[in-house]
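S.K.: What follows is my_file-v3.pdb, PDB, C-alpha atoms.
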```pdb
ATOM      1  CA  MET A 184       5.981  -4.807 -17.144
ATOM      2  CA  ASP A 185       6.700  -8.004 -15.223
ATOM      3  CA  ARG A 186       3.941  -9.826 -13.367
ATOM      4  CA  VAL A 187       3.778 -11.249  -9.844
ATOM      5  CA  ARG A 188       1.454 -14.162  -9.148
ATOM      6  CA  LEU A 189      -0.725 -13.924  -6.052
ATOM      7  CA  PRO A 190      -0.108 -17.133  -4.054
ATOM      8  CA  GLY A 191      -2.623 -19.912  -4.574
ATOM      9  CA  THR A 192      -4.410 -18.094  -7.405
ATOM     10  CA  ASP A 193      -4.166 -17.521 -11.134
ATOM     11  CA  VAL A 194      -4.090 -13.751 -10.574
ATOM     12  CA  GLN A 195      -0.948 -12.055 -11.895
ATOM     13  CA  ILE A 196      -0.477  -8.427 -10.929
ATOM     14  CA  SER A 197       1.970  -5.969 -12.482
ATOM     15  CA  ALA A 198       5.268  -5.296 -10.704
ATOM     16  CA  LEU A 199       3.885  -1.901  -9.655
ATOM     17  CA  CYS A 200       0.314  -1.218  -8.563
ATOM     18  CA  LEU A 201      -1.400   2.118  -9.180
ATOM     19  CA  GLY A 202      -2.945   3.648  -6.073
ATOM     20  CA  VAL A 203      -5.954   5.840  -6.810
ATOM     21  CA  ALA A 204      -6.970   7.215  -3.408
ATOM     22  CA  GLU A 205      -7.658  10.701  -4.758
ATOM     23  CA  ILE A 206      -8.168  10.088  -8.449
ATOM     24  CA  GLY A 207     -10.499  12.686  -9.935
ATOM     25  CA  VAL A 208      -9.699  15.108  -7.135
ATOM     26  CA  ARG A 209      -6.499  16.673  -8.445
ATOM     27  CA  GLN A 210      -7.531  16.303 -12.062
ATOM     28  CA  THR A 211     -10.741  16.287 -14.103
ATOM     29  CA  GLU A 212     -12.480  12.980 -14.685
ATOM     30  CA  ILE A 213     -11.407  13.050 -18.328
ATOM     31  CA  GLU A 214      -7.812  13.476 -17.181
ATOM     32  CA  ALA A 215      -8.299  10.692 -14.635
ATOM     33  CA  HIS A 216      -9.485   8.313 -17.368
ATOM     34  CA  ARG A 217      -6.530   9.286 -19.542
ATOM     35  CA  LEU A 218      -4.183   8.562 -16.650
ATOM     36  CA  LEU A 219      -5.675   5.095 -16.247
ATOM     37  CA  ASP A 220      -5.404   4.574 -20.018
ATOM     38  CA  TYR A 221      -1.743   5.536 -19.848
ATOM     39  CA  TRP A 222      -1.137   3.105 -16.982
ATOM     40  CA  VAL A 223      -2.468   0.200 -19.022
ATOM     41  CA  GLN A 224      -0.654   1.300 -22.177
ATOM     42  CA  ARG A 225       2.626   1.196 -20.235
ATOM     43  CA  GLY A 226       1.970  -2.373 -19.086
ATOM     44  CA  GLY A 227       0.377  -1.826 -15.690
ATOM     45  CA  ASN A 228      -2.674  -3.842 -14.678
ATOM     46  CA  GLY A 229      -2.888  -3.431 -10.876
ATOM     47  CA  ILE A 230      -5.238  -0.738  -9.555
ATOM     48  CA  ASP A 231      -5.717  -0.213  -5.824
ATOM     49  CA  THR A 232      -8.730   1.610  -4.447
ATOM     50  CA  ALA A 233     -10.955   1.325  -1.355
ATOM     51  CA  ARG A 234     -14.566   1.753  -0.366
ATOM     52  CA  VAL A 235     -13.704   4.902   1.622
ATOM     53  CA  TYR A 236     -11.461   6.585  -0.994
ATOM     54  CA  SER A 237     -11.893   9.651  -1.084
ATOM     55  CA  ASP A 238     -14.727  10.105   1.390
ATOM     56  CA  TRP A 239     -12.691  12.633   3.390
ATOM     57  CA  ILE A 240     -13.292  15.151   0.606
ATOM     58  CA  PRO A 241     -16.794  16.700   0.644
ATOM     59  CA  GLY A 242     -19.108  16.290  -2.305
ATOM     60  CA  GLU A 243     -19.271  12.601  -3.123
ATOM     61  CA  LYS A 244     -18.822   9.275  -1.364
ATOM     62  CA  HIS A 245     -16.874   6.425  -2.969
ATOM     63  CA  ARG A 246     -15.526   8.766  -5.660
ATOM     64  CA  SER A 247     -12.429   6.671  -6.348
ATOM     65  CA  GLU A 248     -14.343   3.434  -6.884
ATOM     66  CA  ARG A 249     -16.929   5.232  -8.996
ATOM     67  CA  ILE A 250     -14.348   6.798 -11.319
ATOM     68  CA  VAL A 251     -12.522   3.484 -11.743
ATOM     69  CA  GLY A 252     -15.861   1.769 -12.394
ATOM     70  CA  ASP A 253     -16.845   4.344 -15.011
ATOM     71  CA  TRP A 254     -13.479   3.880 -16.713
ATOM     72  CA  LEU A 255     -13.793   0.087 -16.709
ATOM     73  CA  LYS A 256     -17.250   0.361 -18.277
ATOM     74  CA  ALA A 257     -16.044   2.825 -20.913
ATOM     75  CA  THR A 258     -13.002   0.756 -21.900
ATOM     76  CA  GLY A 259     -14.434  -2.755 -21.552
ATOM     77  CA  ILE A 260     -11.121  -4.110 -20.271
ATOM     78  CA  ARG A 261     -12.214  -5.408 -16.863
ATOM     79  CA  LYS A 262     -10.646  -8.838 -17.444
ATOM     80  CA  GLN A 263      -7.248  -7.262 -18.125
ATOM     81  CA  ILE A 264      -7.222  -5.464 -14.787
ATOM     82  CA  VAL A 265      -6.229  -6.793 -11.367
ATOM     83  CA  LEU A 266      -8.646  -4.799  -9.267
ATOM     84  CA  ALA A 267      -7.948  -4.348  -5.561
ATOM     85  CA  THR A 268     -10.263  -2.616  -3.156
ATOM     86  CA  LYS A 269     -10.666  -2.519   0.600
ATOM     87  CA  ALA A 270     -13.434  -2.961   3.158
ATOM     88  CA  GLY A 271     -13.920  -2.661   6.901
ATOM     89  CA  HIS A 272     -12.678   0.898   7.377
ATOM     90  CA  PRO A 273     -14.566   2.990   9.953
ATOM     91  CA  LEU A 274     -17.098   5.413   8.559
ATOM     92  CA  PHE A 275     -15.748   8.937   8.791
ATOM     93  CA  GLU A 276     -18.711  10.020  10.893
ATOM     94  CA  ASN A 277     -17.763   7.306  13.416
ATOM     95  CA  SER A 278     -14.028   6.931  12.934
ATOM     96  CA  SER A 279     -13.362   4.783  16.001
ATOM     97  CA  ARG A 280     -15.470   1.810  14.933
ATOM     98  CA  VAL A 281     -13.946  -0.738  12.561
ATOM     99  CA  ARG A 282     -16.562  -2.554  10.480
ATOM    100  CA  LEU A 283     -15.681  -6.257  10.411
ATOM    101  CA  SER A 284     -18.936  -7.977  11.340
ATOM    102  CA  PRO A 285     -20.338 -10.371   8.697
ATOM    103  CA  SER A 286     -23.125  -7.958   7.766
ATOM    104  CA  GLN A 287     -20.783  -4.964   7.547
ATOM    105  CA  LEU A 288     -18.302  -6.842   5.386
ATOM    106  CA  GLN A 289     -21.085  -7.977   3.092
ATOM    107  CA  GLN A 290     -22.419  -4.437   2.872
ATOM    108  CA  ASP A 291     -18.991  -3.102   1.903
ATOM    109  CA  LEU A 292     -18.397  -5.841  -0.651
ATOM    110  CA  GLU A 293     -21.782  -5.426  -2.286
ATOM    111  CA  GLY A 294     -21.288  -1.660  -2.369
ATOM    112  CA  SER A 295     -17.874  -1.999  -4.017
ATOM    113  CA  LEU A 296     -19.161  -4.455  -6.608
ATOM    114  CA  GLU A 297     -21.994  -2.104  -7.523
ATOM    115  CA  THR A 298     -19.901   1.070  -7.620
ATOM    116  CA  LEU A 299     -17.081  -0.565  -9.571
ATOM    117  CA  GLY A 300     -19.564  -2.159 -11.970
ATOM    118  CA  THR A 301     -18.112  -5.645 -11.639
ATOM    119  CA  ASP A 302     -19.210  -9.015 -10.298
ATOM    120  CA  TYR A 303     -15.886  -9.917  -8.669
ATOM    121  CA  ILE A 304     -12.903  -8.343  -6.919
ATOM    122  CA  ASP A 305      -9.463  -9.750  -7.708
ATOM    123  CA  LEU A 306      -7.870  -8.769  -4.391
ATOM    124  CA  TRP A 307     -10.061  -7.724  -1.474
ATOM    125  CA  PHE A 308      -8.265  -6.185   1.503
ATOM    126  CA  LEU A 309      -9.554  -5.705   5.010
ATOM    127  CA  HIS A 310      -8.613  -2.067   5.525
ATOM    128  CA  ARG A 311      -8.256  -2.206   9.314
ATOM    129  CA  ASP A 312      -8.308  -4.824  12.067
ATOM    130  CA  ASP A 313     -10.370  -5.114  15.230
ATOM    131  CA  GLU A 314      -8.406  -7.231  17.664
ATOM    132  CA  SER A 315     -11.471  -7.753  19.847
ATOM    133  CA  ILE A 316     -12.882 -10.016  17.108
ATOM    134  CA  PRO A 317     -11.343 -13.502  16.876
ATOM    135  CA  VAL A 318      -9.555 -13.987  13.569
ATOM    136  CA  GLU A 319     -11.504 -17.203  13.087
ATOM    137  CA  HIS A 320     -14.751 -15.256  12.797
ATOM    138  CA  ILE A 321     -13.263 -12.838  10.271
ATOM    139  CA  ILE A 322     -11.769 -15.597   8.111
ATOM    140  CA  ASP A 323     -15.050 -17.531   8.190
ATOM    141  CA  SER A 324     -16.919 -14.489   6.867
ATOM    142  CA  CYS A 325     -14.404 -13.736   4.119
ATOM    143  CA  ASP A 326     -14.134 -17.365   3.032
ATOM    144  CA  GLU A 327     -17.797 -17.328   2.028
ATOM    145  CA  PHE A 328     -17.155 -14.482  -0.411
ATOM    146  CA  VAL A 329     -14.259 -16.389  -1.952
ATOM    147  CA  ARG A 330     -16.318 -19.546  -2.299
ATOM    148  CA  ASP A 331     -19.135 -17.539  -3.906
ATOM    149  CA  GLY A 332     -16.695 -16.211  -6.513
ATOM    150  CA  GLN A 333     -17.172 -12.590  -5.520
ATOM    151  CA  VAL A 334     -13.564 -12.379  -4.323
ATOM    152  CA  LYS A 335     -10.557 -14.105  -5.874
ATOM    153  CA  ALA A 336      -8.004 -13.410  -3.134
ATOM    154  CA  LEU A 337      -7.856 -11.847   0.323
ATOM    155  CA  GLY A 338      -5.444  -9.298   1.739
ATOM    156  CA  ALA A 339      -4.794  -7.642   5.096
ATOM    157  CA  ALA A 340      -4.113  -3.908   5.280
ATOM    158  CA  ASN A 341      -2.787  -2.386   8.504
ATOM    159  CA  TRP A 342      -2.837  -5.663  10.397
ATOM    160  CA  THR A 343      -0.040  -6.704  12.720
ATOM    161  CA  ALA A 344       2.127  -9.653  11.769
ATOM    162  CA  ARG A 345       0.864 -11.497  14.829
ATOM    163  CA  ARG A 346      -2.764 -11.272  13.712
ATOM    164  CA  ILE A 347      -1.992 -12.119  10.080
ATOM    165  CA  ARG A 348      -0.013 -15.155  11.195
ATOM    166  CA  LYS A 349      -2.837 -16.282  13.476
ATOM    167  CA  ALA A 350      -5.458 -15.777  10.755
ATOM    168  CA  ASN A 351      -3.494 -17.705   8.150
ATOM    169  CA  ASP A 352      -2.709 -20.527  10.569
ATOM    170  CA  TYR A 353      -6.427 -20.931  11.195
ATOM    171  CA  ALA A 354      -7.276 -20.711   7.496
ATOM    172  CA  SER A 355      -4.720 -23.414   6.708
ATOM    173  CA  ARG A 356      -6.057 -25.755   9.405
ATOM    174  CA  ALA A 357      -9.683 -25.178   8.419
ATOM    175  CA  GLY A 358      -9.148 -25.396   4.658
ATOM    176  CA  LYS A 359     -10.336 -21.828   4.139
ATOM    177  CA  ALA A 360      -9.044 -18.827   2.237
ATOM    178  CA  GLY A 361      -6.327 -16.906   4.033
ATOM    179  CA  PHE A 362      -4.483 -13.698   3.295
ATOM    180  CA  VAL A 363      -2.149 -13.759   0.279
ATOM    181  CA  ALA A 364      -1.103 -10.090   0.344
ATOM    182  CA  THR A 365      -0.540  -7.257   2.791
ATOM    183  CA  GLN A 366      -0.634  -3.489   2.717
ATOM    184  CA  LEU A 367       1.641  -1.861   5.292
ATOM    185  CA  PHE A 368       3.285   1.546   5.612
ATOM    186  CA  TRP A 369       6.726   0.907   4.145
ATOM    187  CA  ASN A 370       9.389   2.780   2.233
ATOM    188  CA  LEU A 371      13.055   3.663   2.424
ATOM    189  CA  GLY A 372      12.414   6.121   5.268
ATOM    190  CA  SER A 373       9.401   4.592   7.017
ATOM    191  CA  ARG A 374      11.282   3.128   9.977
ATOM    192  CA  HIS A 375      12.317   6.639  10.973
ATOM    193  CA  TYR A 376       9.129   8.503  10.125
ATOM    194  CA  ARG A 377       7.619  10.685  12.838
ATOM    195  CA  GLY A 378       3.899  10.815  13.570
ATOM    196  CA  LEU A 379       2.378   7.696  12.012
ATOM    197  CA  GLU A 380      -1.374   7.664  12.618
ATOM    198  CA  SER A 381      -2.199   5.183  15.366
ATOM    199  CA  THR A 382      -4.407   2.821  13.319
ATOM    200  CA  LEU A 383      -1.799   2.372  10.593
ATOM    201  CA  ARG A 384       0.719  -0.460  10.730
ATOM    202  CA  PRO A 385       4.317  -0.256   9.449
ATOM    203  CA  MET A 386       6.549  -2.936   8.043
ATOM    204  CA  ASN A 387       8.702  -3.905  11.029
ATOM    205  CA  ASP A 388      11.045  -6.764  11.904
ATOM    206  CA  ASP A 389       8.221  -9.155  12.772
ATOM    207  CA  ALA A 390       6.323  -8.349   9.576
ATOM    208  CA  GLU A 391       9.446  -8.899   7.491
ATOM    209  CA  LYS A 392       9.968 -12.286   9.139
ATOM    210  CA  LEU A 393       6.348 -13.167   8.344
ATOM    211  CA  HIS A 394       6.833 -12.343   4.664
ATOM    212  CA  GLU A 395      10.140 -14.165   4.490
ATOM    213  CA  ALA A 396       8.690 -17.318   6.067
ATOM    214  CA  GLY A 397       5.317 -17.372   4.330
ATOM    215  CA  ASP A 398       3.932 -17.030   0.841
ATOM    216  CA  LEU A 399       2.777 -13.412   1.084
ATOM    217  CA  VAL A 400       3.044 -10.537  -1.374
ATOM    218  CA  ALA A 401       3.896  -7.223   0.265
ATOM    219  CA  MET A 402       2.112  -4.280  -1.359
ATOM    220  CA  PRO A 403       3.449  -1.274   0.551
ATOM    221  CA  TYR A 404       1.595   2.014   0.495
ATOM    222  CA  SER A 405       3.517   5.303   0.702
ATOM    223  CA  SER A 406       6.184   3.306  -1.134
ATOM    224  CA  GLN A 407       7.859   6.473  -2.470
ATOM    225  CA  ALA A 408       7.962   8.209   0.928
ATOM    226  CA  GLY A 409       5.693  10.958  -0.302
ATOM    227  CA  GLY A 410       8.476  12.136  -2.579
ATOM    228  CA  PHE A 411      10.638  13.045   0.450
ATOM    229  CA  PHE A 412      13.975  11.852  -0.918
ATOM    230  CA  SER A 413      13.349  13.139  -4.443
ATOM    231  CA  ASN A 414      12.134  16.497  -3.176
ATOM    232  CA  TRP A 415      15.039  16.932  -0.771
ATOM    233  CA  LEU A 416      17.764  15.892  -3.193
ATOM    234  CA  GLU A 417      16.414  16.913  -6.592
ATOM    235  CA  GLY A 418      13.646  19.422  -5.941
ATOM    236  CA  ASP A 419      13.495  23.196  -6.047
ATOM    237  CA  GLU A 420      13.533  25.499  -3.049
ATOM    238  CA  VAL A 421       9.827  24.981  -2.336
ATOM    239  CA  THR A 422       9.834  21.180  -2.505
ATOM    240  CA  ARG A 423      13.054  20.998  -0.495
ATOM    241  CA  PHE A 424      11.479  23.154   2.213
ATOM    242  CA  LYS A 425       8.449  20.860   2.193
ATOM    243  CA  ALA A 426      10.658  17.793   2.619
ATOM    244  CA  GLU A 427      12.617  19.349   5.471
ATOM    245  CA  HIS A 428       9.377  19.975   7.377
ATOM    246  CA  SER A 429       7.731  16.591   6.805
ATOM    247  CA  GLY A 430       7.458  13.600   9.098
ATOM    248  CA  TYR A 431      10.389  12.053   7.256
ATOM    249  CA  ALA A 432      12.727  14.857   8.308
ATOM    250  CA  THR A 433      14.741  12.915  10.877
ATOM    251  CA  LYS A 434      18.489  12.701  11.340
ATOM    252  CA  ILE A 435      18.695   9.124  10.080
ATOM    253  CA  ASN A 436      16.470   9.765   7.054
ATOM    254  CA  PHE A 437      18.747  12.597   5.971
ATOM    255  CA  GLN A 438      21.663  10.166   6.246
ATOM    256  CA  ILE A 439      19.702   7.610   4.234
ATOM    257  CA  GLY A 440      18.898  10.286   1.665
ATOM    258  CA  LYS A 441      22.544  11.231   1.316
ATOM    259  CA  LEU A 442      23.483   7.591   0.669
ATOM    260  CA  ALA A 443      20.573   7.106  -1.760
ATOM    261  CA  GLY A 444      21.670  10.220  -3.625
ATOM    262  CA  GLU A 445      25.232   8.951  -3.927
ATOM    263  CA  ILE A 446      23.961   5.617  -5.286
ATOM    264  CA  ALA A 447      21.678   7.398  -7.759
ATOM    265  CA  GLN A 448      24.447   9.709  -8.999
ATOM    266  CA  ARG A 449      26.911   6.840  -9.374
ATOM    267  CA  ASN A 450      24.417   4.858 -11.458
ATOM    268  CA  GLY A 451      22.988   7.766 -13.445
ATOM    269  CA  VAL A 452      19.401   7.302 -12.230
ATOM    270  CA  PRO A 453      16.948   9.491 -10.319
ATOM    271  CA  VAL A 454      16.884   8.953  -6.568
ATOM    272  CA  GLY A 455      13.283   7.727  -6.967
ATOM    273  CA  ALA A 456      14.650   4.658  -8.730
ATOM    274  CA  VAL A 457      16.796   3.865  -5.689
ATOM    275  CA  VAL A 458      13.768   4.316  -3.394
ATOM    276  CA  LEU A 459      11.717   1.737  -5.317
ATOM    277  CA  ALA A 460      14.663  -0.602  -5.892
ATOM    278  CA  PHE A 461      15.232  -0.790  -2.141
ATOM    279  CA  LEU A 462      11.773  -2.308  -1.628
ATOM    280  CA  ARG A 463      12.023  -4.657  -4.582
ATOM    281  CA  SER A 464      15.432  -5.960  -3.475
ATOM    282  CA  HIS A 465      13.974  -7.838  -0.512
ATOM    283  CA  SER A 466      13.914 -11.618  -0.598
ATOM    284  CA  PHE A 467      10.111 -11.831  -0.654
ATOM    285  CA  LYS A 468       7.680 -10.616  -3.306
ATOM    286  CA  VAL A 469       7.060  -6.869  -3.213
ATOM    287  CA  VAL A 470       4.633  -4.926  -5.413
ATOM    288  CA  PRO A 471       4.924  -1.242  -4.440
ATOM    289  CA  ILE A 472       1.792   0.869  -4.681
ATOM    290  CA  ILE A 473       2.693   4.100  -6.452
ATOM    291  CA  GLY A 474       0.856   7.408  -6.438
ATOM    292  CA  CYS A 475      -1.608   8.493  -9.079
ATOM    293  CA  GLY A 476      -0.288  11.893 -10.131
ATOM    294  CA  THR A 477       0.515  12.656 -13.757
ATOM    295  CA  PRO A 478       1.654  10.601 -16.736
ATOM    296  CA  ALA A 479       5.156  12.001 -16.186
ATOM    297  CA  HIS A 480       5.173  10.739 -12.601
ATOM    298  CA  LEU A 481       3.946   7.327 -13.713
ATOM    299  CA  ALA A 482       6.545   7.166 -16.464
ATOM    300  CA  ALA A 483       9.344   7.875 -13.983
ATOM    301  CA  SER A 484       8.131   5.121 -11.660
ATOM    302  CA  ILE A 485       7.791   2.618 -14.485
ATOM    303  CA  GLU A 486      11.243   3.449 -15.846
ATOM    304  CA  ALA A 487      12.651   2.949 -12.340
ATOM    305  CA  LEU A 488      11.842  -0.763 -12.626
ATOM    306  CA  ASP A 489      14.891  -1.180 -14.853
ATOM    307  CA  PHE A 490      17.234  -0.229 -12.014
ATOM    308  CA  VAL A 491      18.548  -2.941  -9.677
ATOM    309  CA  LEU A 492      20.657  -2.242  -6.606
ATOM    310  CA  SER A 493      24.029  -3.925  -6.318
ATOM    311  CA  ASP A 494      24.449  -6.253  -3.352
ATOM    312  CA  ALA A 495      26.846  -3.809  -1.729
ATOM    313  CA  ASP A 496      24.483  -0.823  -2.112
ATOM    314  CA  TRP A 497      21.547  -2.886  -0.886
ATOM    315  CA  LYS A 498      23.457  -3.933   2.237
ATOM    316  CA  SER A 499      24.534  -0.355   2.914
ATOM    317  CA  LEU A 500      20.988   0.988   2.678
ATOM    318  CA  ARG A 501      19.603  -1.918   4.671
ATOM    319  CA  GLU A 502      22.102  -1.386   7.480
ATOM    320  CA  LEU A 503      21.303   2.309   7.683
ATOM    321  CA  THR A 504      17.506   1.895   7.593
ATOM    322  CA  SER A 505      17.751  -0.731  10.351
ATOM    323  CA  HIS A 506      19.631   1.616  12.651
ATOM    324  CA  LYS A 507      17.830   1.987  15.971
ATOM    325  CA  ASP A 508      17.010   5.564  16.805
ATOM    326  CA  ARG A 509      16.400   5.647  20.564
ATOM    327  CA  TRP A 510      14.905   9.133  20.475
ATOM    328  CA  PHE A 511      12.424   8.078  17.811
ATOM    329  CA  LYS A 512      11.353   4.973  19.722
ATOM    330  CA  LYS A 513      10.821   7.130  22.814
ATOM    331  CA  TYR A 514       8.764   9.562  20.727
ATOM    332  CA  LEU A 515       6.500   6.786  19.447
ATOM    333  CA  TRP A 516       6.022   5.384  22.957
ATOM    334  CA  LYS A 517       4.874   8.777  24.229
ATOM    335  CA  ARG A 518       2.611   9.499  21.287
ATOM    336  CA  HIS A 519       0.848   6.163  20.900
TER     337      HIS A 519
END
```
Could you spell out this file's structure in C-alpha cells?

M.R.:
Amino acid sequence: MDRVRLPGTDVQISALCLGVAEIGVRQTEIEAHRLLDYWVQRGGNGIDTARVYSDWIPGEKHRSERIVGDWLKATGIRKQIVLATKAGHPLFENSSRVRLSPSQLQQDLEGSLETLGTDYIDLWFLHRDDESIPVEHIIDSCDEFVRDGQVKALGAANWTARRIRKANDYASRAGKAGFVATQLFWNLGSRHYRGLESTLRPMNDDAEKLHEAGDLVAMPYSSQAGGFFSNWLEGDEVTRFKAEHSGYATKINFQIGKLAGEIAQRNGVPVGAVVLAFLRSHSFKVVPIIGCGTPAHLAASIEALDFVLSDADWKSLRELTSHKDRWFKKYLWKRH
C-alpha cells in the first residue's frame, strides 16, 4: 500500500487509515486482534483511535485505545504503526464542555500514552474546538508536547477552516508546531447529508480551499458514507431499506448514487471503489479513514485503491456533489 508523508515530519502513513472507534464491540478481542493483524499484513500501517472511543458503550472506558495497546504489546510492532489518537473531547457525563485547557490536554495525552502502552503518539488530533479559547493558547500547549517528543505531529478534528488557518498562521510566525492533518466529515454524499450533529464539521468550500492552499493531509471520517451507496445499489432488500431511510437519503444523493453506479458498472468495479476514488482524486493529499468491520470489508477497501477515476467521471461527480440544494441549506439553518 502506498504511503503519504505527513508534512514537516518523517511520518509516512498508509494510503488508507483504519478507524477503530468500536473495535472489540462487534467482535471478540481475539477477532479484533486478528483484524488488526490482517490490516498490517495487507500493507496498512495507519490506525485511528481516540481517548473517548468507545465510552458511549457501558462497561469500560477507553476500550478502543486499550485493545489497540494490548495488540501492540502482543505483536511488538509499535514502530511499524502510525498511531493516531484524539484528545479534548467532552466527557460524556458533561457533553457540552470541550477539554482544551493545558491541564486537560496533558491529562488526555498522558492517559492515551498509558492506555496505548507507548511513549509517543505519531499523530495527535484535537477532537473538538472551543472557539472561546484563543488558538495561540492551544498551539502553545500542544507545542510543548511536540518538543518533549510525546507527539510527532498535530491534527485538528472538527475544526473550521477559519480556526485551522488562524492556528497555523500563528504557529508559523511563532516557530511552533501547527496542524499537519485534519479530520472532517467528508464523503461522496456528505454535502447533502441530513442531520449532522452540531459539533461535527464537514468538508466545505472553505475547507477545500485551505487544503488546496496549504500543506495539509485530509483524513476524512465517514469516508464510505456509512455504506449508503453500496447498500442502495448493491445490497439486499434489508440494506437497501436501511439506505433509503438514512440521513444520506436525499434527492441529490440518489442522483449521485445513480451516476456512481454507472461509473462502477462501466469499469467493472464495486461502487465502493468509486466512493473512495472520488476522495482520492482531489488535488490535495487525502487519506480516507475506513471502518473496522471484517477482513472481507477491509479487503474490499484495500482493493479499491487500484481504481482511479477518469477526468471526465471525476468532473461529473464533482459537479453533481457541488450542486446547491436550497431545501437542504434551509433545513440546516433551522436545525443548527

S.K.: Please list as a list in words every residue within 10 Å of His310 of chain A, counting all atoms listed in the file and excluding residues in the same chain fewer than 2 positions away.

M.R.: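 So the residues in contact are Ala233, Arg234, Val235, Thr268, Lys269, Ala270, Gly271, His272, Pro273, Val281, Arg282, Leu283, Trp307, Phe308, Asp312, Gly338, Ala339, Ala340, Asn341, Trp342, Thr365, Gln366 and Leu383 of chain A.
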
S.K.: Can you measure atom CA of Ile196 of chain A to atom CA of Ser284 of chain A for me? One decimal in Å is fine.

M.R.: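 Between atom CA of Ile196 of chain A and atom CA of Ser284 of chain A the gap is 28.9 Å.
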
S.K.: Figure out the distance between atom CA of Gly300 of chain A and atom CA of Asp253 of chain A, please, to one decimal in Å.

M.R.: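 Between these atoms lies a distance of 7.7 Å.
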
S.K.: The PyMOL selection byres ((chain A and resi 452) around 12) - which residues does that actually catch in the file I just gave you? List them as a PyMOL selection string.

M.R.: chain A and resi 413+417+443-451+453-460+483-484+486-492

S.K.: Determine the nearest neighbour of Asn436 of chain A from the options A:Gly372, A:Gly227, A:Pro471, A:Gly207, counting all atoms listed in the file.

M.R.: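 Of A:Gly372, A:Gly227, A:Pro471, A:Gly207, the one nearest Asn436 of chain A is A:Gly372, counting all atoms listed in the file.
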
S.K.: Excluding Lys256 of chain A and residues on its chain fewer than 4 positions from it, collect all residues at most 10 Å away from it, counting all atoms listed in the file, and give them as a ChimeraX atom specification.

M.R.: /A:250-252,260-261,299-301

S.K.: Kindly save the residues from that selection, with C-alpha atoms included, as an mmCIF file, in the frame of the given file.

M.R.:
```
data_model
loop_
_atom_site.group_PDB
_atom_site.id
_atom_site.type_symbol
_atom_site.label_atom_id
_atom_site.label_comp_id
_atom_site.auth_asym_id
_atom_site.auth_seq_id
_atom_site.Cartn_x
_atom_site.Cartn_y
_atom_site.Cartn_z
ATOM 1 C CA ILE A 250 -14.348 6.798 -11.319
ATOM 2 C CA VAL A 251 -12.522 3.484 -11.743
ATOM 3 C CA GLY A 252 -15.861 1.769 -12.394
ATOM 4 C CA ILE A 260 -11.121 -4.110 -20.271
ATOM 5 C CA ARG A 261 -12.214 -5.408 -16.863
ATOM 6 C CA LEU A 299 -17.081 -0.565 -9.571
ATOM 7 C CA GLY A 300 -19.564 -2.159 -11.970
ATOM 8 C CA THR A 301 -18.112 -5.645 -11.639
#
```

S.K.: Taking the partial coordinates given, rebuild segment 461-471 of chain A to contain N, CA, C and O atoms; return it as a compact mmCIF listing (two decimals), keeping the file's coordinate frame.

M.R.:
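Once everything was written out, this is part-v5.txt:
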```
# COMPACT_ATOMS: atom_id res chain seq x y z
N PHE A 461 15.01 -0.31 -3.50
CA PHE A 461 15.23 -0.79 -2.14
C PHE A 461 14.14 -1.77 -1.73
O PHE A 461 14.41 -2.84 -1.18
N LEU A 462 12.89 -1.43 -1.99
CA LEU A 462 11.77 -2.31 -1.63
C LEU A 462 11.84 -3.61 -2.41
O LEU A 462 11.68 -4.70 -1.87
N ARG A 463 12.09 -3.50 -3.70
CA ARG A 463 12.02 -4.66 -4.58
C ARG A 463 13.24 -5.57 -4.45
O ARG A 463 13.26 -6.65 -5.01
N SER A 464 14.24 -5.14 -3.67
CA SER A 464 15.43 -5.96 -3.48
C SER A 464 15.29 -6.95 -2.33
O SER A 464 16.19 -7.76 -2.10
N HIS A 465 14.18 -6.90 -1.62
CA HIS A 465 13.97 -7.84 -0.51
C HIS A 465 13.77 -9.26 -1.05
O HIS A 465 13.41 -9.45 -2.21
N SER A 466 13.95 -10.22 -0.17
CA SER A 466 13.91 -11.62 -0.60
C SER A 466 12.51 -12.12 -0.89
O SER A 466 12.33 -13.13 -1.55
N PHE A 467 11.50 -11.43 -0.40
CA PHE A 467 10.11 -11.83 -0.65
C PHE A 467 9.50 -10.95 -1.73
O PHE A 467 10.08 -9.93 -2.14
N LYS A 468 8.33 -11.34 -2.21
CA LYS A 468 7.68 -10.62 -3.31
C LYS A 468 7.15 -9.26 -2.82
O LYS A 468 6.44 -9.19 -1.82
N VAL A 469 7.49 -8.22 -3.56
CA VAL A 469 7.06 -6.87 -3.21
C VAL A 469 6.49 -6.20 -4.46
O VAL A 469 7.15 -6.15 -5.51
N VAL A 470 5.28 -5.69 -4.34
CA VAL A 470 4.63 -4.93 -5.41
C VAL A 470 4.30 -3.55 -4.85
O VAL A 470 3.26 -3.36 -4.20
N PRO A 471 5.18 -2.57 -5.01
CA PRO A 471 4.92 -1.24 -4.44
C PRO A 471 3.69 -0.59 -5.06
O PRO A 471 3.46 -0.68 -6.26
```
